[in-house]
Structure formats: C-alpha cells, structure tokens
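Below is one structure, written out as structure tokens; the observations come after it.
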Amino acid sequence: MTIPLSATAFATLAGLLKTRSGLIIGQDKVYLLETRLVSILRREKLPDLNALADRLGRPGVEPLARDVIDAMTTNESFFFRDDKPFQHFRLQALPRLLAARPPGTSSRIWSAAASSGQEAYSLAMILAESKALIGDRKIEIVGTDIAREPLARAKEGQYTQFEVQRGLPVQMLMKYFKKEDPNWRIEAAIRQMAQFREFNLLGDLRPLGRFDIVFCRNVLIYFDQPTKTRVLEAMAAQMPPDGLLYLGGAETVLGITSRFAPLPGERGVYGVVTAPAERQALAPAWVG
C-alpha cells in the first residue's frame, strides 16, 4: 500500500522547486511528483516521496536536490513546434532585423528553456536556409536550460527516429542530418551555429548579454505571476528597442508586464516597450 504524501513532505518538495526553478506545483499536481521522481526513488532506494523529502531536509544533499530539479523541469520539445512562430521569424523578424542592423554587426537569438535543443536547431536551420539574405553577418544562437541532461543531448545534436519525425520536414532531415543507427545526428555546421549553457531563468540575466530576439515558449505557464513579471522585465532589460519576444500560445504578457506589447495581428509575438507613452501600443520599431 502506497503511503500518501504528507503535507510536510509536499511543502518541502514544492518549496524546493519554487525557490530553485520557479516551478509551481499545486496539490492537484502530486501525480507529477510521483511520475517524474520515481527513477530517483529507485536509484536512492527510497520507499516513497516522504522519504525523499526527509532526505532533502538533511545537510549535504545538493546533488540529490539538483537531480530532483532536473527531473521536474525536463520538458518536451520538438522541431518547429507550432510552426507559426518559426514562419514569422523567417518571413518577418529576420528580414527586418537584418535591415535594421548595419553591415558587419552581429545579432543574437536566445532560446530560453532550450531543453534538448530542437528549438535552437530549428532556428539554426532557418538561418542556414537564409544565407543569401544574411550574407556575411554573424547571428549567434544561445540555448539555455536549468536541466543538465537535456543540455548534454542538445550539444550532441543526436535524436531518435521518433524525435526527427515530430515537426521536422523530411527535406530538412535529409539535408541537415546524418543517419547514425539507430539515431540521427545533426550536421556539424548546424551544431556550430548554436551554443548551449546551463542557466536558471530566476538568476541574473545580465551575464548572458543582449539579445535581439528571444524565444521563451511554454515556460512561463509553470511560474506564478510575480515570477513571470520578474523574468519578463529582466528579459526586456536585455533587449534593444526593436527586440522581439516569442511566447507559447497559452502565454501572454497582458496584465503581467508593461515592458512588452503584442504585435498587431500576431499571436504570441511581442515587441519591447521602452517609454511610458508606448505602454498601450506596440513599440514604434514594429509599426508599419
């Protein structure tokens, strides 16, 4: 018979996740703790989550705490997820970004919560397909995540047959991937276009530098409102006046921050707002 999770144990686990990753786990999400932490229970030979919470309350358990955070924050990702943001990036954002930057300057794109790298590599493939437009300009892609195992996979650029069949056009699979039975590995030229590093969105964003375009999709839904506000406003501070932010379809900035405004006619795409007079409308750089 499974022993129910005690209120004290739940508070320990939920508090660790909120403090360290921003992830909010309510009582109705206990099943997520049970399903995602089962491998840790087996490895540590612990009978249940109560025992895990008790272990986490002792000193010297940072590696275990980190493993719990990794297990709970590892999220699903696939190539060209939802597609529309990538179409907008290719057809509108990229041409306007390049037109607004003098020749010889570099631009930076951030894939926040990059997981195993499919989003960052989707952007890299779009850039590879846009060589004629880009010319000799340098565009850097930075993918970050708090979870170490997915980041290691992203750096390797190796994916299963199932993963490459989710959203990746077959022509891109054949053009940019090499079969390494039983998996597929993205070619070195594409891998070199993206760098990946461990980073916590709750930390100080300034060491990451400035970004022209930020993809932070399907991440904010796991945060409470004060955390969403703090993360979004920190992102805005690292972006130029014509910067663009892409959020997931179920996410918004409305009622959360006045530092971004939605692009007219676009879902999930937001421009930076730099002055109080612009707070009710899109930043001028993206009008017209």
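As shown in the structure tokens, the chain order sets the letters A, B, ...; within each chain, residues go from 1, and ligands are also counted from 1 in the order they appear.
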
Identify, on the basis of only C-alpha atoms, every residue whose closest approach to range 247-251 of chain A does not exceed 7 Å; exclude the query and any residue fewer than 3 positions from it along the same chain; express the result as a tab-separated table (two decimals) with N, CA and C atoms, in the first residue's frame.
chain	number	residue	atom	x	y	z
A	215	PHE	N	13.17	33.58	-27.74
A	215	PHE	CA	12.14	32.55	-27.75
A	215	PHE	C	12.06	32.01	-26.32
A	216	CYS	N	10.94	32.27	-25.66
A	216	CYS	CA	10.72	31.76	-24.30
A	216	CYS	C	9.33	31.14	-24.27
A	217	ARG	N	9.17	30.02	-24.94
A	217	ARG	CA	7.85	29.47	-25.21
A	217	ARG	C	7.54	28.29	-24.29
A	218	ASN	N	6.31	28.31	-23.76
A	218	ASN	CA	5.81	27.23	-22.91
A	218	ASN	C	6.67	27.04	-21.66
A	220	LEU	N	6.66	30.11	-19.12
A	220	LEU	CA	6.01	30.96	-18.11
A	220	LEU	C	4.78	30.32	-17.49
A	221	ILE	N	4.17	29.39	-18.19
A	221	ILE	CA	2.96	28.74	-17.66
A	221	ILE	C	3.24	28.00	-16.36
A	267	ARG	N	-0.12	36.23	-32.91
A	267	ARG	CA	-0.34	35.56	-31.62
A	267	ARG	C	1.00	35.08	-31.06
A	268	GLY	N	1.28	35.49	-29.84
A	268	GLY	CA	2.48	35.01	-29.19
A	268	GLY	C	3.74	35.75	-29.55
A	269	VAL	N	3.64	36.90	-30.24
A	269	VAL	CA	4.81	37.68	-30.63
A	269	VAL	C	4.68	39.07	-30.01

For this session: If you run DSSP over the backbone, which residues in range 62-276 of chain A end up strand (DSSP E)? Put them as a count of residues only.
Result: 42

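Between Asp212 in chain A and the candidates A:Thr229, A:Gln192, A:Thr105, A:Gln171, the tightest atom-to-atom separation, counting only C-alpha atoms, involves A:Thr105.
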
With the cut-off set at 12 Å and counting only C-alpha atoms, tabulate each residue of range 176-211 of chain A with an atom at most that distance from an atom of range 59-73 of chain A, showing the nearest atom pair and its distance in Å to one decimal, ordered by chain and increasing number, as a tab-separated table.
residue	atom	partner	partner_atom	distance
A:Glu198	CA	A:Asp70	CA	11.2
A:Asn200	CA	A:Thr73	CA	10.9
A:Leu201	CA	A:Thr73	CA	11.9

Exercise. Could you pull the residues within 12 Å of Pro103 in chain A, counting only C-alpha atoms, minus those fewer than 3 positions along the same chain, as a list in words?
Worked result: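 The residues satisfying every condition are Leu97, Leu98, Ala99, Ala100, Ser106, Ser107, Leu133, Ile134, Gly135, Asp136, Arg137 and Lys138 of chain A.
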
I need the chosen residues saved as a short mmCIF file (atom, residue, chain, number, x, y, z; two decimals), in the first residue's frame, with C-alpha atoms.
data_model
loop_
_atom_site.label_atom_id
_atom_site.label_comp_id
_atom_site.auth_asym_id
_atom_site.auth_seq_id
_atom_site.Cartn_x
_atom_site.Cartn_y
_atom_site.Cartn_z
CA LEU A 97 16.30 42.57 -38.05
CA LEU A 98 18.91 42.41 -40.80
CA ALA A 99 17.61 45.59 -42.44
CA ALA A 100 17.87 47.45 -39.14
CA SER A 106 26.26 40.72 -35.13
CA SER A 107 22.85 39.72 -33.78
CA LEU A 133 19.72 37.25 -47.05
CA ILE A 134 22.20 37.09 -44.16
CA GLY A 135 25.38 37.39 -46.21
CA ASP A 136 28.45 37.78 -44.06
CA ARG A 137 26.57 38.90 -40.96
CA LYS A 138 27.05 36.92 -37.76
#

Exercise. Got a sec: who's within 10 Å of Phe10 in chain A, counting only C-alpha atoms, leaving out chain neighbours fewer than 5 positions off, as number ranges by chain?
Worked result: A: 5, 15-16, 25-27, 30, 33, 49-50, 53

Selection export as an mmCIF file, in the first residue's frame, atoms kept: C-alpha atoms:
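Dumped everything to out.cif:
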data_model
loop_
_atom_site.group_PDB
_atom_site.id
_atom_site.type_symbol
_atom_site.label_atom_id
_atom_site.label_comp_id
_atom_site.auth_asym_id
_atom_site.auth_seq_id
_atom_site.Cartn_x
_atom_site.Cartn_y
_atom_site.Cartn_z
ATOM 1 C CA LEU A 5 2.382 12.261 0.559
ATOM 2 C CA GLY A 15 9.286 24.786 -1.836
ATOM 3 C CA LEU A 16 12.495 23.419 -3.327
ATOM 4 C CA ILE A 25 3.406 22.545 -8.042
ATOM 5 C CA GLY A 26 -0.089 22.566 -6.528
ATOM 6 C CA GLN A 27 -1.723 19.786 -4.564
ATOM 7 C CA VAL A 30 1.159 15.495 -6.896
ATOM 8 C CA LEU A 33 5.965 14.349 -8.481
ATOM 9 C CA LEU A 49 8.261 10.687 -1.714
ATOM 10 C CA ASN A 50 8.018 11.217 2.045
ATOM 11 C CA ALA A 53 11.580 14.863 1.219
#

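Nearest to Pro207 in chain A of all the residues A:Ala147, A:Leu254, A:Ile40, A:Ala234 is A:Ala234, counting only C-alpha atoms.
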
Exercise. Of the candidates A:Gln92, A:Ile190, A:Glu180, A:Gly167, which one gets nearest to Leu123 in chain A if we count only C-alpha atoms?
Worked result: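 For Leu123 in chain A, the nearest of the given residues is A:Ile190.
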
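Of the residues in range 214-284 of chain A, those that DSSP places in alpha helix (DSSP H) on the basis of the backbone are Gln225, Pro226, Thr227, Lys228, Thr229, Arg230, Val231, Leu232, Glu233, Ala234, Met235, Ala236 and Ala237 of chain A.
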
For this session: Select, from A:Phe79, A:Tyr246, A:Tyr159, A:Trp184, the residue with the minimum atom-to-atom distance to Tyr121 in chain A, counting only C-alpha atoms.
Result: A:Phe79

For this session: Identify which of the residues A:Leu41, A:Val231, A:Ala194, A:Leu245 lies closest to Ala120 in chain A, counting only C-alpha atoms when measuring atom-to-atom distances.
Result: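 Going through A:Leu41, A:Val231, A:Ala194, A:Leu245 one by one, the smallest distance to Ala120 in chain A is for A:Ala194.
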
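Computed from the coordinates, the CA of Leu23 in chain A to CA of Phe223 in chain A distance equals 5.5 Å.
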
For this session: Would you list the contacts of Pro241 in chain A as a PyMOL selection string, taking every protein, DNA or RNA residue within 7 Å and counting only C-alpha atoms, but skipping same-chain residues closer than 3 positions in sequence?
Result: chain A and resi 272-274

Exercise. Taking into account only C-alpha atoms, which residue in the set A:Thr160, A:Leu168, A:Leu94, A:Gln195 is nearest to Asp181 in chain A?
Worked result: A:Thr160

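Straight-line separation from CA of Ile3 in chain A to CA of Arg55 in chain A: 16.4 Å.
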